[in-house]
file target_31.cif (mmCIF, C-alpha atoms)
data_run
loop_
_atom_site.label_atom_id
_atom_site.label_comp_id
_atom_site.auth_asym_id
_atom_site.auth_seq_id
_atom_site.Cartn_x
_atom_site.Cartn_y
_atom_site.Cartn_z
CA MET A 991 -16.59 -3.94 -13.53
CA ASN A 992 -19.53 -6.19 -12.95
CA ALA A 993 -20.96 -5.99 -9.45
CA THR A 994 -20.85 -2.88 -7.32
CA VAL A 995 -21.49 -2.14 -3.65
CA ASN A 996 -22.31 1.13 -1.95
CA ILE A 997 -19.92 2.56 0.62
CA PHE A 998 -20.78 5.34 3.00
CA THR A 999 -17.80 7.14 4.49
CA GLU A 1000 -16.89 10.49 5.94
CA ILE A 1001 -13.96 12.44 4.55
CA PRO A 1002 -12.38 15.71 5.69
CA GLU A 1003 -14.16 18.78 4.36
CA SER A 1004 -10.94 20.07 2.74
CA LEU A 1005 -10.59 16.81 0.79
CA HIS A 1006 -14.21 17.02 -0.31
CA GLU A 1007 -13.65 20.59 -1.50
CA SER A 1008 -10.63 19.47 -3.53
CA LEU A 1009 -12.68 16.65 -5.02
CA ARG A 1010 -15.51 19.03 -5.90
CA ASN A 1011 -13.05 21.42 -7.58
CA TYR A 1012 -11.54 18.57 -9.58
CA LEU A 1013 -14.95 17.32 -10.70
CA GLU A 1014 -15.98 20.80 -11.84
CA LYS A 1015 -12.93 20.90 -14.12
CA HIS A 1016 -13.30 17.29 -15.32
CA PRO A 1017 -16.96 16.66 -16.20
CA ASP A 1018 -16.21 13.17 -17.53
CA TRP A 1019 -15.37 12.07 -13.96
CA ASP A 1020 -17.74 11.63 -11.00
CA GLU A 1021 -17.26 10.84 -7.30
CA ASN A 1022 -17.69 7.11 -7.83
CA ARG A 1023 -15.11 6.96 -10.61
CA VAL A 1024 -12.56 8.99 -8.63
CA LEU A 1025 -12.99 6.92 -5.46
CA THR A 1026 -12.85 3.64 -7.38
CA ALA A 1027 -9.63 4.70 -9.12
CA ALA A 1028 -8.11 5.93 -5.86
CA LEU A 1029 -8.98 2.81 -3.88
CA SER A 1030 -7.78 0.38 -6.54
CA LEU A 1031 -4.51 2.33 -6.95
CA PHE A 1032 -4.01 2.32 -3.17
CA LEU A 1033 -4.43 -1.47 -3.11
CA LEU A 1034 -1.98 -1.91 -5.98
CA GLN A 1035 0.64 0.33 -4.37
CA ASN A 1036 0.33 -1.37 -1.00
CA GLY A 1037 0.90 -4.97 -1.95
CA GLU A 1038 -2.48 -6.20 -3.16
CA SER A 1039 -1.41 -8.77 -5.74
CA ASP A 1040 -4.91 -9.60 -6.93
CA ARG A 1041 -5.18 -8.83 -10.65
CA SER A 1042 -8.73 -7.67 -10.20
CA ALA A 1043 -7.49 -4.49 -8.47
CA ALA A 1044 -5.28 -3.75 -11.49
CA ARG A 1045 -8.12 -4.48 -13.89
CA VAL A 1046 -10.54 -2.22 -12.00
CA TYR A 1047 -7.97 0.57 -11.86
CA LEU A 1048 -7.25 0.45 -15.58
CA GLU A 1049 -10.91 0.15 -16.56
CA THR A 1050 -11.80 3.08 -14.32
CA LEU A 1051 -8.92 5.23 -15.48
CA PHE A 1052 -9.53 4.72 -19.18
CA GLN A 1053 -13.30 4.44 -19.39
CA ASN A 1054 -14.82 6.72 -21.98
CA ASN A 1055 -17.82 8.60 -20.61
#
call {"tool": "encode", "arguments": {"input": "target_31.cif", "output": "structure tokens"}}
result
Amino acid sequence: MNATVNIFTEIPESLHESLRNYLEKHPDWDENRVLTAALSLFLLQNGESDRSAARVYLETLFQNN
């Protein structure tokens, strides 16, 4: 992943709590990595045929931190 942009968004508190719990149990993940994986997977599952979404998803999923 070369260039990045910042996104500010509001999410339900219950979703944020679930994310926080997940991150506490998986220290190799952070909010940016989770949201990048989730967004790229959403695009892949909903008809985005651009290979860059697949590449970003796989790179995010398998990065070694």
call {"tool": "resolve_selection", "arguments": {"input": "target_31.cif", "expression": "the PyMOL selection byres ((chain A and resi 1026-1034) around 8)", "output": "JSON, numbers by chain"}}
result
{"A": [1022, 1023, 1024, 1025, 1035, 1036, 1037, 1038, 1039, 1043, 1044, 1046, 1047, 1050, 1051]}
call {"tool": "write_last_selection", "arguments": {"input": "target_31.cif", "atoms": "C-alpha atoms", "output": "PDB file, in the coordinates of the input"}}
result
ATOM      1  CA  ASN A1022     -17.690   7.110  -7.830  1.00  0.00           C
ATOM      2  CA  ARG A1023     -15.110   6.960 -10.610  1.00  0.00           C
ATOM      3  CA  VAL A1024     -12.560   8.990  -8.630  1.00  0.00           C
ATOM      4  CA  LEU A1025     -12.990   6.920  -5.460  1.00  0.00           C
ATOM      5  CA  GLN A1035       0.640   0.330  -4.370  1.00  0.00           C
ATOM      6  CA  ASN A1036       0.330  -1.370  -1.000  1.00  0.00           C
ATOM      7  CA  GLY A1037       0.900  -4.970  -1.950  1.00  0.00           C
ATOM      8  CA  GLU A1038      -2.480  -6.200  -3.160  1.00  0.00           C
ATOM      9  CA  SER A1039      -1.410  -8.770  -5.740  1.00  0.00           C
ATOM     10  CA  ALA A1043      -7.490  -4.490  -8.470  1.00  0.00           C
ATOM     11  CA  ALA A1044      -5.280  -3.750 -11.490  1.00  0.00           C
ATOM     12  CA  VAL A1046     -10.540  -2.220 -12.000  1.00  0.00           C
ATOM     13  CA  TYR A1047      -7.970   0.570 -11.860  1.00  0.00           C
ATOM     14  CA  THR A1050     -11.800   3.080 -14.320  1.00  0.00           C
ATOM     15  CA  LEU A1051      -8.920   5.230 -15.480  1.00  0.00           C
TER      16      LEU A1051
END
call {"tool": "axis_aligned_box", "arguments": {"input": "target_31.cif", "around": "stretch 1000-1010 of chain A", "padding_each_side": "6 Å", "output": "AutoDock Vina command-line options"}}
result
--center_x -13.7 --center_y 15.5 --center_z 0.0 --size_x 18.3 --size_y 22.1 --size_z 23.8
call {"tool": "atom_distance", "arguments": {"input": "target_31.cif", "atom1": "atom CA of A:Glu1000", "atom2": "atom CA of A:Trp1019"}}
result
20.0 Å
call {"tool": "closest_residue", "arguments": {"input": "target_31.cif", "among": "A:Leu1005, A:Tyr1012, A:Ala993, A:Asp1018", "to": "A:Phe1052", "atoms": "only C-alpha atoms"}}
result
A:Asp1018
